[in-house]
file run26.csv (CSV, N, CA and C atoms)
chain,number,residue,atom,x,y,z
W,1,MET,N,0.8,-1.2,0.0
W,1,MET,CA,0.0,0.0,0.0
W,1,MET,C,0.9,1.2,0.0
W,2,LEU,N,0.5,2.2,-0.8
W,2,LEU,CA,1.3,3.4,-0.9
W,2,LEU,C,0.8,4.4,0.1
W,3,ILE,N,1.8,5.0,0.8
W,3,ILE,CA,1.4,6.1,1.8
W,3,ILE,C,2.1,7.3,1.4
W,4,VAL,N,1.4,8.4,1.3
W,4,VAL,CA,1.9,9.7,1.0
W,4,VAL,C,1.6,10.6,2.2
W,5,ASN,N,2.6,11.1,2.9
W,5,ASN,CA,2.3,12.0,4.0
W,5,ASN,C,2.2,13.4,3.5
W,6,ILE,N,1.1,14.0,3.9
W,6,ILE,CA,0.8,15.4,3.5
W,6,ILE,C,1.6,16.3,4.5
W,7,LYS,N,2.4,17.2,3.9
W,7,LYS,CA,3.1,18.1,4.7
W,7,LYS,C,2.3,19.3,5.1
W,8,GLU,N,2.7,20.0,6.1
W,8,GLU,CA,2.0,21.1,6.6
W,8,GLU,C,1.8,22.2,5.6
W,9,ASN,N,0.6,22.7,5.4
W,9,ASN,CA,0.3,23.8,4.4
W,9,ASN,C,0.5,23.3,3.0
W,10,GLU,N,0.5,22.0,2.7
W,10,GLU,CA,0.6,21.5,1.4
W,10,GLU,C,-0.7,21.3,0.7
W,11,SER,N,-0.8,21.7,-0.5
W,11,SER,CA,-2.1,21.6,-1.2
W,11,SER,C,-2.4,20.2,-1.6
W,12,ILE,N,-3.6,19.8,-1.7
W,12,ILE,CA,-4.0,18.5,-2.1
W,12,ILE,C,-3.5,18.1,-3.5
W,13,ASP,N,-3.5,19.1,-4.3
W,13,ASP,CA,-3.0,18.9,-5.7
W,13,ASP,C,-1.5,18.4,-5.7
W,14,LYS,N,-0.7,19.0,-4.9
W,14,LYS,CA,0.7,18.6,-4.8
W,14,LYS,C,0.8,17.2,-4.2
W,15,ALA,N,0.0,16.9,-3.2
W,15,ALA,CA,0.1,15.6,-2.6
W,15,ALA,C,-0.4,14.6,-3.6
W,16,LEU,N,-1.4,14.9,-4.3
W,16,LEU,CA,-1.9,13.9,-5.3
W,16,LEU,C,-0.9,13.7,-6.4
W,17,LYS,N,-0.2,14.8,-6.8
W,17,LYS,CA,0.9,14.7,-7.8
W,17,LYS,C,2.0,13.7,-7.3
W,18,ARG,N,2.4,13.9,-6.1
W,18,ARG,CA,3.4,13.0,-5.5
W,18,ARG,C,2.9,11.6,-5.4
W,19,PHE,N,1.6,11.4,-5.1
W,19,PHE,CA,1.1,10.0,-5.1
W,19,PHE,C,1.1,9.4,-6.5
W,20,LYS,N,0.8,10.2,-7.5
W,20,LYS,CA,0.8,9.6,-8.9
W,20,LYS,C,2.2,9.3,-9.3
W,21,LYS,N,3.2,10.1,-9.0
W,21,LYS,CA,4.6,9.8,-9.3
W,21,LYS,C,5.0,8.5,-8.6
W,22,LYS,N,4.7,8.4,-7.3
W,22,LYS,CA,5.1,7.2,-6.6
W,22,LYS,C,4.4,5.9,-7.1
W,23,PHE,N,3.1,6.1,-7.5
W,23,PHE,CA,2.4,5.0,-8.1
W,23,PHE,C,2.9,4.5,-9.4
W,24,GLU,N,3.3,5.5,-10.2
W,24,GLU,CA,3.9,5.2,-11.5
W,24,GLU,C,5.3,4.5,-11.4
W,25,LYS,N,6.1,4.9,-10.4
W,25,LYS,CA,7.4,4.2,-10.2
W,25,LYS,C,7.2,2.8,-9.8
W,26,THR,N,6.2,2.4,-9.1
W,26,THR,CA,6.0,1.0,-8.6
W,26,THR,C,5.7,0.1,-9.8
W,27,GLY,N,5.2,0.6,-10.9
W,27,GLY,CA,4.9,-0.2,-12.1
W,27,GLY,C,3.7,-1.2,-11.9
W,28,ILE,N,2.8,-0.8,-11.0
W,28,ILE,CA,1.7,-1.7,-10.8
W,28,ILE,C,0.7,-1.7,-12.0
W,29,LEU,N,0.5,-0.5,-12.5
W,29,LEU,CA,-0.4,-0.4,-13.6
W,29,LEU,C,0.1,-1.1,-14.9
W,30,ARG,N,1.4,-1.0,-15.1
W,30,ARG,CA,2.1,-1.6,-16.2
W,30,ARG,C,2.0,-3.2,-16.1
W,31,GLU,N,2.2,-3.7,-14.9
W,31,GLU,CA,2.1,-5.1,-14.7
W,31,GLU,C,0.6,-5.6,-14.8
W,32,LEU,N,-0.3,-4.8,-14.4
W,32,LEU,CA,-1.7,-5.1,-14.5
W,32,LEU,C,-2.1,-5.2,-16.0
W,33,ARG,N,-1.7,-4.3,-16.8
W,33,ARG,CA,-2.0,-4.3,-18.2
W,33,ARG,C,-1.3,-5.5,-18.9
W,34,SER,N,-0.1,-5.8,-18.5
W,34,SER,CA,0.5,-7.0,-19.1
W,34,SER,C,-0.2,-8.3,-18.7
W,35,ARG,N,-0.8,-8.3,-17.6
W,35,ARG,CA,-1.5,-9.6,-17.2
W,35,ARG,C,-2.8,-9.7,-17.8
W,36,THR,N,-3.4,-8.7,-18.4
W,36,THR,CA,-4.7,-8.8,-19.0
W,36,THR,C,-4.7,-9.7,-20.2
W,37,SER,N,-3.6,-9.7,-20.9
W,37,SER,CA,-3.6,-10.5,-22.1
W,37,SER,C,-2.4,-11.4,-22.0
W,38,PHE,N,-2.5,-12.7,-22.4
W,38,PHE,CA,-1.4,-13.6,-22.4
W,38,PHE,C,-0.6,-13.6,-23.6
W,39,THR,N,0.7,-13.5,-23.5
W,39,THR,CA,1.6,-13.6,-24.6
W,39,THR,C,2.5,-14.8,-24.5
W,40,LYS,N,2.6,-15.6,-25.5
W,40,LYS,CA,3.4,-16.8,-25.5
W,40,LYS,C,4.8,-16.4,-25.2
W,41,PRO,N,5.6,-17.3,-24.5
W,41,PRO,CA,7.0,-17.0,-24.1
W,41,PRO,C,7.8,-16.8,-25.4
W,42,SER,N,7.5,-17.5,-26.4
W,42,SER,CA,8.4,-17.3,-27.6
W,42,SER,C,8.1,-15.9,-28.2
W,43,VAL,N,6.9,-15.4,-28.2
W,43,VAL,CA,6.6,-14.1,-28.7
W,43,VAL,C,7.2,-13.1,-27.8
W,44,ARG,N,7.2,-13.3,-26.5
W,44,ARG,CA,7.8,-12.3,-25.6
W,44,ARG,C,9.3,-12.2,-25.8
W,45,ARG,N,10.0,-13.4,-26.0
W,45,ARG,CA,11.4,-13.4,-26.2
W,45,ARG,C,11.7,-12.7,-27.5
W,46,ARG,N,10.9,-12.9,-28.6
W,46,ARG,CA,11.1,-12.3,-29.9
W,46,ARG,C,11.0,-10.8,-29.7
W,47,ASN,N,10.0,-10.3,-29.0
W,47,ASN,CA,9.8,-8.9,-28.8
W,47,ASN,C,11.0,-8.3,-28.0
W,48,GLU,N,11.5,-9.0,-27.0
W,48,GLU,CA,12.7,-8.5,-26.3
W,48,GLU,C,13.9,-8.4,-27.1
W,49,ILE,N,14.1,-9.4,-28.0
W,49,ILE,CA,15.2,-9.4,-28.9
W,49,ILE,C,15.1,-8.2,-29.9
W,50,ILE,N,13.9,-8.0,-30.4
W,50,ILE,CA,13.7,-6.9,-31.4
W,50,ILE,C,13.9,-5.5,-30.7
W,51,ARG,N,13.4,-5.4,-29.4
W,51,ARG,CA,13.6,-4.2,-28.6
W,51,ARG,C,15.1,-3.9,-28.3
W,52,ALA,N,15.8,-5.0,-28.0
W,52,ALA,CA,17.2,-4.8,-27.7
W,52,ALA,C,18.0,-4.4,-28.9
W,53,ALA,N,17.7,-5.0,-30.0
W,53,ALA,CA,18.4,-4.7,-31.3
W,53,ALA,C,18.1,-3.2,-31.7
W,54,TYR,N,16.9,-2.8,-31.4
W,54,TYR,CA,16.5,-1.4,-31.7
W,54,TYR,C,17.3,-0.4,-30.9
W,55,ILE,N,17.4,-0.7,-29.6
W,55,ILE,CA,18.1,0.1,-28.6
W,55,ILE,C,19.6,0.1,-29.0
W,56,GLN,N,20.1,-1.0,-29.3
W,56,GLN,CA,21.5,-1.1,-29.7
W,56,GLN,C,21.8,-0.3,-31.0
W,57,ASN,N,20.9,-0.3,-31.9
W,57,ASN,CA,21.0,0.4,-33.1
W,57,ASN,C,21.0,1.9,-32.9
W,58,ILE,N,20.2,2.4,-32.0
W,58,ILE,CA,20.1,3.8,-31.6
W,58,ILE,C,21.5,4.2,-30.9
W,59,ARG,N,22.0,3.4,-30.0
W,59,ARG,CA,23.2,3.7,-29.4
W,59,ARG,C,24.4,3.7,-30.3
W,60,ASN,N,24.4,2.8,-31.3
W,60,ASN,CA,25.4,2.8,-32.3
W,60,ASN,C,25.4,4.1,-33.2
W,61,GLN,N,24.2,4.6,-33.5
W,61,GLN,CA,24.1,5.8,-34.3
W,61,GLN,C,24.5,7.0,-33.5
W,62,GLU,N,24.3,7.0,-32.2
W,62,GLU,CA,24.7,8.1,-31.3
W,62,GLU,C,26.2,8.2,-31.2
W,63,ALA,N,26.8,7.0,-31.2
W,63,ALA,CA,28.3,7.0,-31.1
W,63,ALA,C,29.0,7.5,-32.3
W,64,GLN,N,28.4,7.4,-33.5
W,64,GLN,CA,29.0,7.8,-34.7
W,64,GLN,C,29.0,9.3,-34.9
call {"tool": "encode", "arguments": {"input": "run26.csv", "output": "structure tokens"}}
result
Amino acid sequence: MLIVNIKENESIDKALKRFKKKFEKTGILRELRSRTSFTKPSVRRRNEIIRAAYIQNIRNQEAQ
């Protein structure tokens, strides 16, 4: 459970913004979305390889 302590004289908007940032960092929503649909392990591996190649290609272009 996430707990956000509200500081003295802090607006609710700022506290809510801090809560949203903290919630986003935990990755709960991302995990929930990934669990809604099943992807086969072979497809997941293929996507990881494609993503890694893409990132490597970008890094190689930056180095040049």
call {"tool": "atom_distance", "arguments": {"input": "run26.csv", "atom1": "atom N of Pro41 of chain W", "atom2": "atom CA of Ile55 of chain W"}}
result
21.8 Å
call {"tool": "atom_distance", "arguments": {"input": "run26.csv", "atom1": "atom CA of Ala15 of chain W", "atom2": "atom C of Ile3 of chain W"}}
result
9.4 Å
call {"tool": "atom_distance", "arguments": {"input": "run26.csv", "atom1": "atom C of Lys25 of chain W", "atom2": "atom CA of Glu62 of chain W"}}
result
28.2 Å
call {"tool": "select_by_dssp", "arguments": {"input": "run26.csv", "residues": "chain W", "states": "helix (DSSP H, G or I)", "output": "VMD selection string"}}
result
chain W and resid 12 to 26 28 to 36 41 to 63
